[in-house]
Amino acid sequence: RNSLFVSTVTTAISIVVSSLAGYSLSRLHYPGRDFFSSAIFFIYLIPGMMTLIPLYVFLSRLGLLNTLYSLILAYLAGSIPFAVWTLKGYFTTIPTEMEDAALVDGCTRLQALYKVILPLAAPGIVACAIFAFTLSWNEYLLAMLFINSREMWTLPVGLAGLVYGDVFLWGEIMIGAFLMSLPVLVLYVLAQRFVVAGLTAGAVKG
């Protein structure tokens, strides 16, 4: 239940924020756009280990430690930069003439985004959603550091709890790991063609 809640909320917020940010960086012209684009790219390049202490201090001051919301915020910090950069490249490959035609027909900018751009960008959006879900579903280190109570454990931490000192409950650990991998496996099987198309989007211009 904890893993499903954290992964679902993280994925939903990540896709909404990243879609709007990626669209803004690829379509709109305003001062500082190039700076924000470069900043997001460099944030994505920062190793996750370097953010552990700042994240812990930040969440501690907010009073969110030992809550599932601390994990959601931490996972968003990892998934949003990747998703924004990926969707920015995908939106760039969509011809602007299609959006211009929608605006001429009376659509607002948001309506054109919702009715024209997002359906065409479905492969990239699905790929980013699966990335965000997988990141949240499988993450162990942050969940172990930020969550103290057993009731708040996610699946990776729960599996690690099957190790008692030097006693490894291999049967329970293996079946637990297999069952834990099933949701992600099903997602990849169902959306395989979207993942391939989304991850290669923007690789070649023109």
# chains A, B, ... in the order shown; residues from 1 in each chain; ligands from 1
>>> residues_around(residues="Ala102 (chain A)", least_positions_apart="3", cutoff="10 Å", atoms="only C-alpha atoms", output="mmCIF file with C-alpha atoms, in the first residue's frame")
data_model
loop_
_atom_site.group_PDB
_atom_site.id
_atom_site.type_symbol
_atom_site.label_atom_id
_atom_site.label_comp_id
_atom_site.auth_asym_id
_atom_site.auth_seq_id
_atom_site.Cartn_x
_atom_site.Cartn_y
_atom_site.Cartn_z
ATOM 1 C CA GLU A 97 1.956 24.175 -37.609
ATOM 2 C CA MET A 98 -0.397 21.716 -35.915
ATOM 3 C CA GLU A 99 -0.552 23.858 -32.803
ATOM 4 C CA ASP A 105 -9.495 27.526 -34.903
ATOM 5 C CA GLY A 106 -10.128 29.204 -31.568
ATOM 6 C CA CYS A 107 -8.277 27.033 -29.050
ATOM 7 C CA THR A 108 -6.431 28.667 -26.202
ATOM 8 C CA ARG A 109 -2.817 27.758 -25.545
ATOM 9 C CA GLN A 111 -6.525 23.730 -25.054
ATOM 10 C CA ALA A 112 -4.023 23.294 -27.883
ATOM 11 C CA LEU A 113 -1.649 21.619 -25.449
ATOM 12 C CA LYS A 115 -6.077 18.446 -27.429
ATOM 13 C CA VAL A 116 -3.168 18.459 -29.888
#
>>> residues_around(residues="region 61-66 of chain A", least_positions_apart="3", cutoff="8 Å", atoms="only C-alpha atoms", output="PDB file with N, CA, C and O atoms, in the first residue's frame")
ATOM      1  N   TYR A  56      17.694  15.490   3.472  1.00  0.00           N
ATOM      2  CA  TYR A  56      17.350  15.122   4.850  1.00  0.00           C
ATOM      3  C   TYR A  56      17.136  16.379   5.698  1.00  0.00           C
ATOM      4  O   TYR A  56      16.152  16.481   6.450  1.00  0.00           O
ATOM      5  N   VAL A  57      18.040  17.357   5.558  1.00  0.00           N
ATOM      6  CA  VAL A  57      17.914  18.596   6.331  1.00  0.00           C
ATOM      7  C   VAL A  57      16.660  19.360   5.916  1.00  0.00           C
ATOM      8  O   VAL A  57      15.907  19.872   6.759  1.00  0.00           O
ATOM      9  N   PHE A  58      16.424  19.434   4.607  1.00  0.00           N
ATOM     10  CA  PHE A  58      15.261  20.155   4.088  1.00  0.00           C
ATOM     11  C   PHE A  58      13.957  19.542   4.596  1.00  0.00           C
ATOM     12  O   PHE A  58      13.067  20.244   5.090  1.00  0.00           O
ATOM     13  N   TYR A  69       5.088  11.516   2.482  1.00  0.00           N
ATOM     14  CA  TYR A  69       5.256  12.730   1.680  1.00  0.00           C
ATOM     15  C   TYR A  69       6.731  13.091   1.511  1.00  0.00           C
ATOM     16  O   TYR A  69       7.097  13.713   0.513  1.00  0.00           O
ATOM     17  N   SER A  70       7.554  12.716   2.481  1.00  0.00           N
ATOM     18  CA  SER A  70       8.990  12.963   2.330  1.00  0.00           C
ATOM     19  C   SER A  70       9.549  12.175   1.153  1.00  0.00           C
ATOM     20  O   SER A  70      10.393  12.672   0.390  1.00  0.00           O
ATOM     21  N   PHE A 146      14.656   7.983   5.447  1.00  0.00           N
ATOM     22  CA  PHE A 146      13.624   8.950   5.817  1.00  0.00           C
ATOM     23  C   PHE A 146      12.477   8.338   6.615  1.00  0.00           C
ATOM     24  O   PHE A 146      11.726   9.061   7.255  1.00  0.00           O
ATOM     25  N   ILE A 147      12.315   7.018   6.557  1.00  0.00           N
ATOM     26  CA  ILE A 147      11.193   6.356   7.224  1.00  0.00           C
ATOM     27  C   ILE A 147      11.710   5.519   8.386  1.00  0.00           C
ATOM     28  O   ILE A 147      12.590   4.671   8.213  1.00  0.00           O
ATOM     29  N   ASN A 148      11.156   5.751   9.557  1.00  0.00           N
ATOM     30  CA  ASN A 148      11.583   5.022  10.755  1.00  0.00           C
ATOM     31  C   ASN A 148      10.557   3.988  11.218  1.00  0.00           C
ATOM     32  O   ASN A 148      10.926   2.931  11.731  1.00  0.00           O
ATOM     33  N   SER A 149       9.277   4.288  11.087  1.00  0.00           N
ATOM     34  CA  SER A 149       8.251   3.384  11.599  1.00  0.00           C
ATOM     35  C   SER A 149       7.977   2.257  10.610  1.00  0.00           C
ATOM     36  O   SER A 149       7.957   2.470   9.389  1.00  0.00           O
ATOM     37  N   MET A 152       5.237   2.527   7.887  1.00  0.00           N
ATOM     38  CA  MET A 152       5.475   3.370   6.722  1.00  0.00           C
ATOM     39  C   MET A 152       6.449   2.752   5.722  1.00  0.00           C
ATOM     40  O   MET A 152       6.755   3.373   4.707  1.00  0.00           O
TER      41      MET A 152
END
>>> closest_residue(among="A:Leu4, A:Leu76, A:Leu141, A:Leu52", to="Met180 (chain A)", atoms="only C-alpha atoms")
A:Leu4
>>> closest_residue(among="A:Thr11, A:Asn2, A:Ser38, A:Ser79", to="Ala143 (chain A)", atoms="only C-alpha atoms")
A:Asn2
>>> closest_atom_pairs(of="region 114-174 of chain A", to="region 82-93 of chain A", cutoff="8 Å", atoms="only C-alpha atoms", output="Markdown table")
| residue | atom | partner | partner_atom | distance |
| --- | --- | --- | --- | --- |
| A:Ile117 | CA | A:Phe91 | CA | 7.4 |
| A:Ala121 | CA | A:Tyr90 | CA | 6.7 |
| A:Gly124 | CA | A:Leu87 | CA | 6.1 |
| A:Ile125 | CA | A:Leu87 | CA | 7.0 |
| A:Cys128 | CA | A:Ala83 | CA | 5.4 |
>>> closest_residue(among="A:Leu142, A:Leu25, A:Val189, A:Val157", to="Ile53 (chain A)", atoms="only C-alpha atoms")
A:Leu142
>>> residues_around(residues="region 182-187 of chain A", least_positions_apart="3", cutoff="9 Å", atoms="only C-alpha atoms", output="VMD selection string")
chain A and resid 130 133 to 134 137 177 to 179 190 to 192
>>> write_last_selection(atoms="all heavy atoms", output="PDB file, in the first residue's frame")
ATOM      1  N   ILE A 130       6.616   5.700 -16.789  1.00  0.00           N
ATOM      2  CA  ILE A 130       7.171   4.414 -16.360  1.00  0.00           C
ATOM      3  C   ILE A 130       8.490   4.619 -15.633  1.00  0.00           C
ATOM      4  O   ILE A 130       8.784   3.944 -14.641  1.00  0.00           O
ATOM      5  CB  ILE A 130       7.338   3.475 -17.571  1.00  0.00           C
ATOM      6  CG1 ILE A 130       5.961   3.081 -18.109  1.00  0.00           C
ATOM      7  CG2 ILE A 130       8.133   2.232 -17.200  1.00  0.00           C
ATOM      8  CD1 ILE A 130       6.013   2.166 -19.301  1.00  0.00           C
ATOM      9  N   PHE A 133       7.586   5.885 -12.148  1.00  0.00           N
ATOM     10  CA  PHE A 133       6.994   4.820 -11.344  1.00  0.00           C
ATOM     11  C   PHE A 133       8.055   3.811 -10.914  1.00  0.00           C
ATOM     12  O   PHE A 133       8.100   3.392  -9.746  1.00  0.00           O
ATOM     13  CB  PHE A 133       5.896   4.115 -12.138  1.00  0.00           C
ATOM     14  CG  PHE A 133       5.132   3.085 -11.344  1.00  0.00           C
ATOM     15  CD1 PHE A 133       4.016   3.453 -10.614  1.00  0.00           C
ATOM     16  CD2 PHE A 133       5.548   1.762 -11.310  1.00  0.00           C
ATOM     17  CE1 PHE A 133       3.318   2.509  -9.865  1.00  0.00           C
ATOM     18  CE2 PHE A 133       4.859   0.818 -10.568  1.00  0.00           C
ATOM     19  CZ  PHE A 133       3.740   1.198  -9.841  1.00  0.00           C
ATOM     20  N   THR A 134       8.926   3.424 -11.842  1.00  0.00           N
ATOM     21  CA  THR A 134       9.973   2.452 -11.521  1.00  0.00           C
ATOM     22  C   THR A 134      10.944   3.010 -10.492  1.00  0.00           C
ATOM     23  O   THR A 134      11.354   2.308  -9.558  1.00  0.00           O
ATOM     24  CB  THR A 134      10.740   2.060 -12.797  1.00  0.00           C
ATOM     25  OG1 THR A 134       9.814   1.579 -13.772  1.00  0.00           O
ATOM     26  CG2 THR A 134      11.771   0.980 -12.507  1.00  0.00           C
ATOM     27  N   TRP A 137       9.111   2.951  -7.156  1.00  0.00           N
ATOM     28  CA  TRP A 137       8.767   1.601  -6.718  1.00  0.00           C
ATOM     29  C   TRP A 137       9.976   0.839  -6.187  1.00  0.00           C
ATOM     30  O   TRP A 137       9.869   0.088  -5.219  1.00  0.00           O
ATOM     31  CB  TRP A 137       8.134   0.847  -7.893  1.00  0.00           C
ATOM     32  CG  TRP A 137       7.583  -0.501  -7.564  1.00  0.00           C
ATOM     33  CD1 TRP A 137       8.194  -1.712  -7.732  1.00  0.00           C
ATOM     34  CD2 TRP A 137       6.283  -0.797  -7.010  1.00  0.00           C
ATOM     35  NE1 TRP A 137       7.380  -2.727  -7.327  1.00  0.00           N
ATOM     36  CE2 TRP A 137       6.200  -2.199  -6.877  1.00  0.00           C
ATOM     37  CE3 TRP A 137       5.208  -0.002  -6.632  1.00  0.00           C
ATOM     38  CZ2 TRP A 137       5.065  -2.823  -6.378  1.00  0.00           C
ATOM     39  CZ3 TRP A 137       4.085  -0.630  -6.124  1.00  0.00           C
ATOM     40  CH2 TRP A 137       4.015  -2.019  -6.009  1.00  0.00           C
ATOM     41  N   ALA A 177      10.811 -10.529  -3.837  1.00  0.00           N
ATOM     42  CA  ALA A 177      11.424  -9.770  -4.926  1.00  0.00           C
ATOM     43  C   ALA A 177      10.722 -10.068  -6.251  1.00  0.00           C
ATOM     44  O   ALA A 177      10.523  -9.170  -7.083  1.00  0.00           O
ATOM     45  CB  ALA A 177      12.905 -10.100  -5.020  1.00  0.00           C
ATOM     46  N   PHE A 178      10.334 -11.324  -6.458  1.00  0.00           N
ATOM     47  CA  PHE A 178       9.631 -11.689  -7.694  1.00  0.00           C
ATOM     48  C   PHE A 178       8.274 -10.993  -7.775  1.00  0.00           C
ATOM     49  O   PHE A 178       7.920 -10.400  -8.803  1.00  0.00           O
ATOM     50  CB  PHE A 178       9.455 -13.201  -7.762  1.00  0.00           C
ATOM     51  CG  PHE A 178       8.563 -13.654  -8.889  1.00  0.00           C
ATOM     52  CD1 PHE A 178       9.022 -13.639 -10.198  1.00  0.00           C
ATOM     53  CD2 PHE A 178       7.269 -14.082  -8.633  1.00  0.00           C
ATOM     54  CE1 PHE A 178       8.191 -14.035 -11.240  1.00  0.00           C
ATOM     55  CE2 PHE A 178       6.436 -14.489  -9.663  1.00  0.00           C
ATOM     56  CZ  PHE A 178       6.906 -14.469 -10.971  1.00  0.00           C
ATOM     57  N   LEU A 179       7.511 -11.037  -6.684  1.00  0.00           N
ATOM     58  CA  LEU A 179       6.194 -10.395  -6.675  1.00  0.00           C
ATOM     59  C   LEU A 179       6.318  -8.880  -6.815  1.00  0.00           C
ATOM     60  O   LEU A 179       5.480  -8.235  -7.465  1.00  0.00           O
ATOM     61  CB  LEU A 179       5.454 -10.744  -5.383  1.00  0.00           C
ATOM     62  CG  LEU A 179       5.057 -12.224  -5.215  1.00  0.00           C
ATOM     63  CD1 LEU A 179       4.444 -12.454  -3.840  1.00  0.00           C
ATOM     64  CD2 LEU A 179       4.088 -12.644  -6.310  1.00  0.00           C
ATOM     65  N   LEU A 190       3.091  -3.854 -21.387  1.00  0.00           N
ATOM     66  CA  LEU A 190       1.940  -3.174 -21.973  1.00  0.00           C
ATOM     67  C   LEU A 190       2.333  -1.931 -22.759  1.00  0.00           C
ATOM     68  O   LEU A 190       1.683  -1.560 -23.736  1.00  0.00           O
ATOM     69  CB  LEU A 190       0.940  -2.801 -20.887  1.00  0.00           C
ATOM     70  CG  LEU A 190       0.258  -3.970 -20.158  1.00  0.00           C
ATOM     71  CD1 LEU A 190      -0.675  -3.451 -19.071  1.00  0.00           C
ATOM     72  CD2 LEU A 190      -0.511  -4.848 -21.138  1.00  0.00           C
ATOM     73  N   ALA A 191       3.389  -1.261 -22.334  1.00  0.00           N
ATOM     74  CA  ALA A 191       3.759   0.020 -22.954  1.00  0.00           C
ATOM     75  C   ALA A 191       5.112  -0.045 -23.643  1.00  0.00           C
ATOM     76  O   ALA A 191       5.783   0.971 -23.797  1.00  0.00           O
ATOM     77  CB  ALA A 191       3.763   1.116 -21.903  1.00  0.00           C
ATOM     78  N   GLN A 192       5.515  -1.230 -24.099  1.00  0.00           N
ATOM     79  CA  GLN A 192       6.859  -1.401 -24.657  1.00  0.00           C
ATOM     80  C   GLN A 192       7.107  -0.486 -25.856  1.00  0.00           C
ATOM     81  O   GLN A 192       8.132   0.183 -25.935  1.00  0.00           O
ATOM     82  CB  GLN A 192       7.060  -2.857 -25.075  1.00  0.00           C
ATOM     83  CG  GLN A 192       8.456  -3.139 -25.605  1.00  0.00           C
ATOM     84  CD  GLN A 192       8.630  -4.613 -25.954  1.00  0.00           C
ATOM     85  OE1 GLN A 192       7.664  -5.350 -26.012  1.00  0.00           O
ATOM     86  NE2 GLN A 192       9.849  -5.019 -26.194  1.00  0.00           N
TER      87      GLN A 192
END
>>> decode(residues="region 119-197 of chain A", atoms="C-alpha atoms", output="short mmCIF file (atom, residue, chain, number, x, y, z; two decimals), in the first residue's frame")
data_model
loop_
_atom_site.label_atom_id
_atom_site.label_comp_id
_atom_site.auth_asym_id
_atom_site.auth_seq_id
_atom_site.Cartn_x
_atom_site.Cartn_y
_atom_site.Cartn_z
CA PRO A 119 -1.90 13.16 -27.61
CA LEU A 120 0.97 13.39 -30.09
CA ALA A 121 3.49 13.23 -27.25
CA ALA A 122 1.93 10.12 -25.71
CA PRO A 123 5.03 7.89 -26.27
CA GLY A 124 7.29 10.33 -24.46
CA ILE A 125 4.79 10.84 -21.64
CA VAL A 126 4.35 7.09 -21.14
CA ALA A 127 8.12 6.57 -21.10
CA CYS A 128 8.55 9.28 -18.46
CA ALA A 129 5.65 7.89 -16.42
CA ILE A 130 7.17 4.41 -16.36
CA PHE A 131 10.56 5.87 -15.42
CA ALA A 132 9.03 7.81 -12.51
CA PHE A 133 6.99 4.82 -11.34
CA THR A 134 9.97 2.45 -11.52
CA LEU A 135 12.21 4.91 -9.69
CA SER A 136 9.70 5.28 -6.86
CA TRP A 137 8.77 1.60 -6.72
CA ASN A 138 12.31 0.23 -6.48
CA GLU A 139 14.08 2.94 -4.46
CA TYR A 140 15.58 1.71 -1.19
CA LEU A 141 18.17 4.09 0.26
CA LEU A 142 15.98 7.18 0.71
CA ALA A 143 13.09 5.10 2.04
CA MET A 144 15.41 3.53 4.60
CA LEU A 145 16.83 6.90 5.72
CA PHE A 146 13.62 8.95 5.82
CA ILE A 147 11.19 6.36 7.22
CA ASN A 148 11.58 5.02 10.76
CA SER A 149 8.25 3.38 11.60
CA ARG A 150 7.51 -0.09 10.32
CA GLU A 151 3.99 0.93 9.27
CA MET A 152 5.47 3.37 6.72
CA TRP A 153 7.93 0.95 5.12
CA THR A 154 7.88 0.57 1.37
CA LEU A 155 8.45 -2.77 -0.34
CA PRO A 156 12.27 -2.54 -0.75
CA VAL A 157 12.70 -1.69 2.93
CA GLY A 158 10.26 -4.44 3.88
CA LEU A 159 12.26 -6.99 1.91
CA ALA A 160 15.45 -5.86 3.63
CA GLY A 161 13.64 -6.38 6.95
CA LEU A 162 13.59 -10.12 6.22
CA VAL A 163 17.29 -10.21 7.08
CA TYR A 164 17.78 -10.83 10.80
CA GLY A 165 21.43 -10.35 11.73
CA ASP A 166 23.26 -13.07 9.82
CA VAL A 167 20.05 -15.00 9.07
CA PHE A 168 18.75 -14.58 5.52
CA LEU A 169 15.23 -15.83 4.82
CA TRP A 170 16.09 -16.58 1.21
CA GLY A 171 12.77 -18.19 0.32
CA GLU A 172 10.71 -15.23 1.52
CA ILE A 173 13.19 -12.72 0.05
CA MET A 174 13.18 -14.33 -3.39
CA ILE A 175 9.42 -14.69 -3.67
CA GLY A 176 8.98 -11.15 -2.34
CA ALA A 177 11.42 -9.77 -4.93
CA PHE A 178 9.63 -11.69 -7.69
CA LEU A 179 6.19 -10.40 -6.67
CA MET A 180 7.58 -6.89 -6.32
CA SER A 181 8.92 -6.96 -9.89
CA LEU A 182 5.58 -8.00 -11.43
CA PRO A 183 3.86 -4.55 -11.54
CA VAL A 184 6.84 -2.94 -13.27
CA LEU A 185 7.17 -5.89 -15.64
CA VAL A 186 3.50 -5.64 -16.60
CA LEU A 187 3.87 -1.90 -17.23
CA TYR A 188 6.85 -2.42 -19.51
CA VAL A 189 5.12 -5.20 -21.46
CA LEU A 190 1.94 -3.17 -21.97
CA ALA A 191 3.76 0.02 -22.95
CA GLN A 192 6.86 -1.40 -24.66
CA ARG A 193 6.38 0.39 -27.97
CA PHE A 194 5.72 3.69 -26.20
CA VAL A 195 8.86 3.31 -24.10
CA VAL A 196 11.08 2.66 -27.13
CA ALA A 197 9.57 5.56 -29.07
#
